Structure formats: structure tokens, C-alpha cells
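Participant: Data file target_12.txt (compact mmCIF, C-alpha atoms) is appended below.
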# COMPACT_ATOMS: atom_id res chain seq x y z
CA LYS A 1333 15.84 11.76 -7.15
CA GLN A 1334 13.73 8.98 -8.64
CA GLU A 1335 11.44 10.00 -11.49
CA VAL A 1336 8.75 7.68 -12.80
CA THR A 1337 7.08 8.24 -16.15
CA GLN A 1338 4.08 6.46 -17.63
CA ILE A 1339 3.34 6.69 -21.33
CA PRO A 1340 0.78 7.05 -22.77
CA ALA A 1341 -1.24 9.17 -20.37
CA ALA A 1342 -4.45 7.84 -21.91
CA LEU A 1343 -5.34 4.91 -24.12
CA SER A 1344 -8.56 3.80 -25.78
CA VAL A 1345 -8.84 0.33 -27.31
CA PRO A 1346 -11.62 -1.92 -28.60
CA GLU A 1347 -12.67 -4.88 -26.48
CA GLY A 1348 -10.60 -8.01 -27.03
CA GLU A 1349 -7.40 -6.24 -27.96
CA ASN A 1350 -4.09 -7.05 -26.26
CA LEU A 1351 -2.30 -3.98 -24.91
CA VAL A 1352 0.89 -2.86 -23.20
CA LEU A 1353 1.30 -0.10 -20.62
CA ASN A 1354 4.74 1.36 -19.99
CA CYS A 1355 6.51 2.56 -16.86
CA SER A 1356 10.00 4.13 -16.93
CA PHE A 1357 12.18 5.04 -13.96
CA THR A 1358 15.49 6.87 -13.71
CA ASP A 1359 17.20 5.17 -10.74
CA SER A 1360 17.72 1.42 -11.13
CA ALA A 1361 18.52 0.90 -7.41
CA ILE A 1362 15.08 -0.43 -6.52
CA TYR A 1363 13.67 -3.13 -4.25
CA ASN A 1364 10.59 -3.82 -6.28
CA LEU A 1365 7.94 -2.37 -8.57
CA GLN A 1366 4.22 -2.62 -8.03
CA TRP A 1367 1.37 -2.13 -10.50
CA PHE A 1368 -2.00 -0.83 -9.32
CA ARG A 1369 -5.36 0.01 -10.83
CA GLN A 1370 -7.50 2.87 -9.62
CA ASP A 1371 -11.18 3.17 -10.40
CA PRO A 1372 -12.79 6.63 -10.30
CA GLY A 1373 -13.31 7.82 -6.73
CA LYS A 1374 -11.70 4.72 -5.28
CA GLY A 1375 -8.44 3.73 -3.65
CA LEU A 1376 -5.70 1.72 -5.34
CA THR A 1377 -5.96 -2.01 -5.94
CA SER A 1378 -2.73 -3.97 -6.15
CA LEU A 1379 -2.33 -5.98 -9.36
CA LEU A 1380 1.22 -7.31 -9.38
CA LEU A 1381 4.42 -6.92 -7.38
CA ILE A 1382 7.75 -7.66 -9.06
CA GLN A 1383 10.80 -8.06 -6.84
CA SER A 1384 14.05 -6.58 -8.16
CA SER A 1385 15.46 -10.10 -8.65
CA GLN A 1386 12.53 -11.13 -10.83
CA ARG A 1387 11.97 -10.53 -14.52
CA GLU A 1388 8.22 -10.96 -14.64
CA GLN A 1389 5.05 -11.81 -12.77
CA THR A 1390 1.75 -13.14 -14.05
CA SER A 1391 -1.78 -13.05 -12.70
CA GLY A 1392 -4.60 -14.20 -14.93
CA ARG A 1393 -4.69 -11.99 -18.03
CA LEU A 1394 -2.01 -9.69 -16.63
CA ASN A 1395 1.73 -10.03 -17.10
CA ALA A 1396 4.25 -7.53 -15.77
CA SER A 1397 7.91 -7.45 -16.73
CA LEU A 1398 10.84 -5.63 -15.18
CA ASP A 1399 14.15 -4.62 -16.77
CA LYS A 1400 16.14 -2.80 -14.10
CA SER A 1401 19.12 -2.10 -16.32
CA SER A 1402 17.02 -0.12 -18.78
CA GLY A 1403 14.73 1.34 -16.10
CA ARG A 1404 11.56 -0.06 -17.61
CA SER A 1405 8.53 -2.10 -16.67
CA THR A 1406 5.60 -3.10 -18.84
CA LEU A 1407 2.13 -4.31 -17.94
CA TYR A 1408 0.61 -6.56 -20.59
CA ILE A 1409 -3.16 -7.03 -20.57
CA ALA A 1410 -4.47 -9.85 -22.72
CA ALA A 1411 -7.92 -9.91 -24.30
CA SER A 1412 -9.01 -6.60 -22.78
CA GLN A 1413 -12.55 -6.24 -21.37
CA PRO A 1414 -14.68 -3.17 -20.58
CA GLY A 1415 -14.17 -3.98 -16.88
CA ASP A 1416 -10.46 -3.29 -17.34
CA SER A 1417 -11.25 0.40 -17.83
CA ALA A 1418 -9.42 2.26 -15.07
CA THR A 1419 -6.25 4.23 -14.40
CA TYR A 1420 -3.15 2.07 -14.09
CA LEU A 1421 -0.31 3.26 -11.87
CA CYS A 1422 3.17 1.91 -11.31
CA ALA A 1423 5.07 2.50 -8.07
CA VAL A 1424 8.81 2.10 -7.69
CA MET A 1425 10.12 1.12 -4.26
CA GLY A 1426 13.66 2.37 -3.75
CA TYR A 1427 15.69 2.58 -0.56
CA GLN A 1428 13.07 3.82 1.92
CA LYS A 1429 11.42 5.74 -0.92
CA VAL A 1430 8.22 5.10 -2.82
CA THR A 1431 7.65 6.98 -6.09
CA PHE A 1432 4.51 6.71 -8.20
CA GLY A 1433 4.05 7.44 -11.86
CA THR A 1434 1.23 9.69 -13.05
CA GLY A 1435 -0.74 6.80 -14.49
CA THR A 1436 -2.26 5.64 -17.76
CA LYS A 1437 -6.02 6.04 -18.12
CA LEU A 1438 -7.34 3.05 -20.04
CA GLN A 1439 -10.72 2.88 -21.73
CA VAL A 1440 -11.85 -0.41 -23.27
CA ILE A 1441 -14.69 0.13 -25.71
CA PRO A 1442 -17.32 -2.64 -26.01
CA GLU B 677 -9.01 -10.29 6.35
CA ALA B 678 -10.23 -6.74 6.88
CA GLY B 679 -8.68 -4.11 4.63
CA VAL B 680 -7.29 -0.68 5.42
CA ALA B 681 -9.97 1.55 6.91
CA GLN B 682 -10.08 5.33 6.56
CA SER B 683 -12.46 7.99 7.80
CA PRO B 684 -14.06 10.26 6.95
CA ARG B 685 -14.57 9.48 3.26
CA TYR B 686 -15.33 13.08 2.37
CA LYS B 687 -14.61 16.40 4.03
CA ILE B 688 -15.31 19.98 3.00
CA ILE B 689 -13.72 22.80 4.97
CA GLU B 690 -12.90 26.45 4.53
CA LYS B 691 -9.33 27.63 4.16
CA ARG B 692 -7.52 28.26 7.43
CA GLN B 693 -9.63 25.64 9.20
CA SER B 694 -8.22 22.41 10.65
CA VAL B 695 -8.97 18.86 9.61
CA ALA B 696 -7.91 15.39 10.73
CA PHE B 697 -7.98 12.05 8.96
CA TRP B 698 -7.88 8.62 10.55
CA CYS B 699 -6.43 5.35 9.27
CA ASN B 700 -6.58 1.83 10.65
CA PRO B 701 -4.15 -0.48 8.82
CA ILE B 702 -4.46 -4.20 8.22
CA SER B 703 -3.87 -6.07 11.46
CA GLY B 704 -0.22 -6.94 11.97
CA HIS B 705 1.12 -4.62 9.30
CA ALA B 706 4.19 -2.83 10.60
CA THR B 707 4.44 -0.14 7.92
CA LEU B 708 1.90 2.61 7.33
CA TYR B 709 1.97 5.23 4.59
CA TRP B 710 0.08 8.47 4.01
CA TYR B 711 -0.15 9.76 0.44
CA GLN B 712 -1.60 12.89 -1.13
CA GLN B 713 -3.15 12.47 -4.57
CA ILE B 714 -4.06 15.62 -6.45
CA LEU B 715 -6.52 15.20 -9.29
CA GLY B 716 -4.83 13.86 -12.40
CA GLN B 717 -1.57 13.00 -10.64
CA GLY B 718 -0.05 9.93 -9.04
CA PRO B 719 0.02 9.64 -5.25
CA LYS B 720 2.80 11.54 -3.48
CA LEU B 721 4.23 10.02 -0.31
CA LEU B 722 3.79 12.33 2.68
CA ILE B 723 5.01 10.16 5.52
CA GLN B 724 5.99 6.55 6.18
CA PHE B 725 5.88 4.89 9.61
CA GLN B 726 7.59 1.68 10.63
CA ASN B 727 5.70 0.57 13.74
CA ASN B 728 5.38 3.91 15.59
CA GLY B 729 8.60 5.46 14.27
CA VAL B 730 8.91 7.79 11.27
CA VAL B 731 10.98 6.38 8.39
CA ASP B 732 10.46 9.14 5.84
CA ASP B 733 8.66 12.49 6.11
CA SER B 734 10.77 14.43 3.64
CA GLN B 735 7.75 15.52 1.58
CA LEU B 736 5.48 16.39 4.48
CA PRO B 737 4.84 20.18 4.73
CA LYS B 738 5.69 20.29 8.39
CA ASP B 739 4.56 23.88 8.90
CA ARG B 740 0.95 22.77 8.49
CA PHE B 741 0.83 18.96 8.34
CA SER B 742 1.41 16.58 11.22
CA ALA B 743 0.96 12.86 11.64
CA GLU B 744 1.22 10.34 14.41
CA ARG B 745 0.86 6.61 14.76
CA LEU B 746 -0.50 5.60 18.11
CA LYS B 747 1.00 2.45 19.64
CA GLY B 748 2.16 1.37 16.20
CA VAL B 749 -1.40 0.73 14.97
CA ASP B 750 -3.86 3.52 14.06
CA SER B 751 -2.67 6.77 12.57
CA THR B 752 -3.98 10.31 12.22
CA LEU B 753 -2.97 12.97 9.71
CA LYS B 754 -3.77 16.58 10.54
CA ILE B 755 -3.72 19.76 8.50
CA GLN B 756 -3.72 23.07 10.34
CA PRO B 757 -4.41 25.55 8.81
CA ALA B 758 -5.66 24.24 5.47
CA LYS B 759 -4.94 25.97 2.17
CA LEU B 760 -6.80 25.76 -1.12
CA GLU B 761 -3.97 23.69 -2.63
CA ASP B 762 -4.51 21.00 -0.01
CA SER B 763 -7.63 19.88 -1.87
CA ALA B 764 -6.82 16.29 -2.78
CA VAL B 765 -7.49 12.68 -1.90
CA TYR B 766 -5.53 11.46 1.10
CA LEU B 767 -4.70 7.80 0.87
CA CYS B 768 -3.50 5.51 3.60
CA ALA B 769 -1.69 2.26 2.86
CA SER B 770 -0.09 -0.49 4.92
CA SER B 771 2.36 -3.32 4.31
CA PRO B 772 3.73 -6.19 6.41
CA GLY B 773 7.25 -4.74 6.36
CA GLY B 774 9.14 -1.98 4.62
CA VAL B 775 9.26 -0.92 0.99
CA ALA B 776 10.12 -4.45 -0.18
CA TYR B 777 6.57 -5.58 0.58
CA GLU B 778 3.28 -5.20 -1.23
CA GLN B 779 1.19 -2.19 -0.21
CA TYR B 780 -2.54 -2.32 0.45
CA PHE B 781 -4.56 0.86 0.15
CA GLY B 782 -7.63 2.19 1.88
CA PRO B 783 -10.49 3.94 0.01
CA GLY B 784 -9.09 7.42 0.69
CA THR B 785 -10.50 10.67 2.06
CA ARG B 786 -11.47 13.32 -0.44
CA LEU B 787 -10.74 16.79 0.99
CA THR B 788 -12.14 19.94 -0.55
CA VAL B 789 -10.88 23.27 0.77
CA THR B 790 -13.02 26.27 -0.20
Please go through the file and, once you have read it, give me the structure as C-alpha cells.

Facilitator:
Amino acid sequence: KQEVTQIPAALSVPEGENLVLNCSFTDSAIYNLQWFRQDPGKGLTSLLLIQSSQREQTSGRLNASLDKSSGRSTLYIAASQPGDSATYLCAVMGYQKVTFGTGTKLQVIP
Amino acid sequence: EAGVAQSPRYKIIEKRQSVAFWCNPISGHATLYWYQQILGQGPKLLIQFQNNGVVDDSQLPKDRFSAERLKGVDSTLKIQPAKLEDSAVYLCASSPGGVAYEQYFGPGTRLTVT
């Protein structure tokens, strides 16, 4: 059974800082991994999708990496802004199975 | 392009009552997912449809939950009878194909069971 862990559960950083969010998974037989953000009371917004054959994906200030062999993905946020404050979730897509982590709640302090 | 639509946005019911949620996926998306998200946790997949067939419902409590996808488009999720522990946000998502494709989420329905 796939297990997905996100550490830390919560993170508070000053504005402008670069930061890394972690996602670990136990079964490396995956199709892809997707990062989402969730604002309070809202649905999930897709940030980046990394296919299993890829090592990383970039979108603006966001960069996500994937290391299947070690069961890890990281989401790098450059020059953080107060608008980045949200919960960040990773989802691992295995064979017909989707497993989410519990998320990292990020607060960026002005 | 219109996003995933869900209704209602909020619902409050008493335990043992019934409730139904509706989802309209992005046009042309073959795969539809229903998730349950309990406060403070990540979403848990309840059921996955490919067109109007069920791909995975292994985590759906079938004694009280049911779901259908009419003509491979809209979907409804029903709970009958509801329990206190069903209080959660129910999220619907769609994707163009199976799990290899990006998922797009609706705003969710917040259910409170009293």
C-alpha cells in the first residue's frame, strides 16, 4: 500500500526567503506526481505535474523535482511572498491508485 | 474553459439523514474522481470513474455510500444514512485520461453532520 508523507506539517518563513517542501512515498512504481496548493475553504489548485520519466518541472518561481529511486519529491519556492501562504499537497499516481500526502501548511510573513 | 462544478457548496444534515452531491466535470474529461477530505488531512480517494465505468472504489464505504456517473458525464455521490464521522469536504476532480494525467478539482462541498 502506498504511503505518502509530507514534512514538515507546518512552516513559517519571512517574505523573500527561498524554501523547500518535501514529499516522500514508499512505492516507487508510479506514473506521475502532482503538487497542489489549497487555500482555506477552497478546492485544490494544480501547481506542477511531473511524469515518472522526468526529473523536474518548473513554473515561474516554483520548481519540483522527482527522484523515484529514493521515493522523494521536493517543491522549491523561490522568493516567497505572502500570497504563497496556503497548504501544499503532493499526490502520487500509481497503477490506478491516487494517494495524497497530508500536506504542509505554509505561512509567509510580510 | 469552464472548470469542475460542484453543488451544493455547503450542507448541514442530521445523522441518519440522506444527502447527495453533484459534480459536472470539465467537458471532454473521461476520468472523474470523488475524494473525501477530513479537516487537517489530505484527500482520500473514494471512487474513480473512467467514462461511466468504475475503475477503483476500494475505499468507498459501500454500506452507506453510492456513486454513479450518468452517460459518462455528470456524477452524483450519495450518503445514506449519514454518520457524524462523514463530516468532511467532498471534492470532485476530473482529468482527460487516467491517473497519468493532471487532475483538476472543483471547489468542494462541505458537509456537516450533527

Participant: So that I can see what lies close to A:Glu1388, please list as a list of chain:residue names the residues with an atom at most 6 Å from it, counting all atoms listed in the file and leaving out residues fewer than 4 positions away in the same chain.

Facilitator: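 Answer for this query is A:Ala1396, A:Ser1397, A:Leu1398.
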
Participant: Please, which residues are within 9 Å of (2.8, 19.1, 3.6) by the file's coordinates, counting all atoms listed in the file, and could they come as a ChimeraX atom specification?

Facilitator: /B:712,722,735-742,755,762

Participant: Using only C-alpha atoms, I'd like every residue of chain A that has an atom within 8 Å of chain B; please write them out as a list in words.

Facilitator: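 Close to chain B, chain A has Tyr1363, Asn1364, Gln1366, Lys1374, Gly1375, Leu1376, Thr1377, Ser1378, Leu1381, Gln1383, Leu1421, Met1425, Gly1426, Tyr1427, Gln1428, Lys1429, Val1430, Thr1431, Phe1432, Gly1433, Thr1434 and Gly1435 of chain A.
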
Participant: What gap, in Å, lies between atom CA of A:Ile1409 and atom CA of A:Cys1355?

Facilitator: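 Separation between atom CA of A:Ile1409 and atom CA of A:Cys1355: 14.1 Å.
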
Participant: Would you list the contacts of B:Pro701 as an MDAnalysis selection string, taking every protein, DNA or RNA residue within 8 Å and counting all atoms listed in the file, but skipping same-chain residues closer than 6 positions in sequence?

Facilitator: chainID B and resid 679:681 708 749:750 768:770

Participant: Could you complete stretch 762-783 of chain B so that it carries N, CA and C atoms, and give it back as a CSV table (one decimal), keeping the file's coordinate frame?

Facilitator:
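The resulting file, part_18.csv, is shown below:
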chain,number,residue,atom,x,y,z
B,762,ASP,N,-4.5,22.3,-0.7
B,762,ASP,CA,-4.5,21.0,0.0
B,762,ASP,C,-5.7,20.1,-0.5
B,763,SER,N,-6.5,20.7,-1.3
B,763,SER,CA,-7.6,19.9,-1.9
B,763,SER,C,-7.1,18.7,-2.6
B,764,ALA,N,-7.4,17.5,-2.2
B,764,ALA,CA,-6.8,16.3,-2.8
B,764,ALA,C,-7.5,15.1,-2.1
B,765,VAL,N,-7.1,13.9,-2.6
B,765,VAL,CA,-7.5,12.7,-1.9
B,765,VAL,C,-6.3,12.2,-1.1
B,766,TYR,N,-6.6,11.9,0.2
B,766,TYR,CA,-5.5,11.5,1.1
B,766,TYR,C,-5.7,10.0,1.3
B,767,LEU,N,-4.7,9.3,0.9
B,767,LEU,CA,-4.7,7.8,0.9
B,767,LEU,C,-3.8,7.2,2.0
B,768,CYS,N,-4.3,6.2,2.6
B,768,CYS,CA,-3.5,5.5,3.6
B,768,CYS,C,-3.2,4.1,3.1
B,769,ALA,N,-2.0,3.6,3.3
B,769,ALA,CA,-1.7,2.3,2.9
B,769,ALA,C,-0.9,1.6,4.0
B,770,SER,N,-0.9,0.3,3.9
B,770,SER,CA,-0.1,-0.5,4.9
B,770,SER,C,0.6,-1.7,4.2
B,771,SER,N,1.7,-2.1,4.8
B,771,SER,CA,2.4,-3.3,4.3
B,771,SER,C,3.0,-4.1,5.5
B,772,PRO,N,3.2,-5.4,5.3
B,772,PRO,CA,3.7,-6.2,6.4
B,772,PRO,C,5.1,-5.7,6.9
B,773,GLY,N,5.9,-5.2,6.0
B,773,GLY,CA,7.2,-4.7,6.4
B,773,GLY,C,7.5,-3.4,5.7
B,774,GLY,N,8.7,-3.2,5.2
B,774,GLY,CA,9.1,-2.0,4.6
B,774,GLY,C,8.8,-1.9,3.1
B,775,VAL,N,9.6,-1.2,2.4
B,775,VAL,CA,9.3,-0.9,1.0
B,775,VAL,C,9.4,-2.2,0.1
B,776,ALA,N,10.0,-3.2,0.6
B,776,ALA,CA,10.1,-4.4,-0.2
B,776,ALA,C,8.8,-5.2,-0.3
B,777,TYR,N,7.8,-4.8,0.5
B,777,TYR,CA,6.6,-5.6,0.6
B,777,TYR,C,5.4,-4.9,-0.1
B,778,GLU,N,4.4,-5.7,-0.5
B,778,GLU,CA,3.3,-5.2,-1.2
B,778,GLU,C,2.5,-4.2,-0.3
B,779,GLN,N,2.0,-3.2,-0.9
B,779,GLN,CA,1.2,-2.2,-0.2
B,779,GLN,C,-0.3,-2.4,-0.5
B,780,TYR,N,-1.1,-2.2,0.5
B,780,TYR,CA,-2.5,-2.3,0.4
B,780,TYR,C,-3.1,-1.0,0.8
B,781,PHE,N,-4.0,-0.5,0.0
B,781,PHE,CA,-4.6,0.9,0.2
B,781,PHE,C,-6.0,0.9,0.7
B,782,GLY,N,-6.3,1.9,1.5
B,782,GLY,CA,-7.6,2.2,1.9
B,782,GLY,C,-8.4,3.0,0.8
B,783,PRO,N,-9.7,3.3,1.0
B,783,PRO,CA,-10.5,3.9,0.0
B,783,PRO,C,-10.2,5.4,-0.2
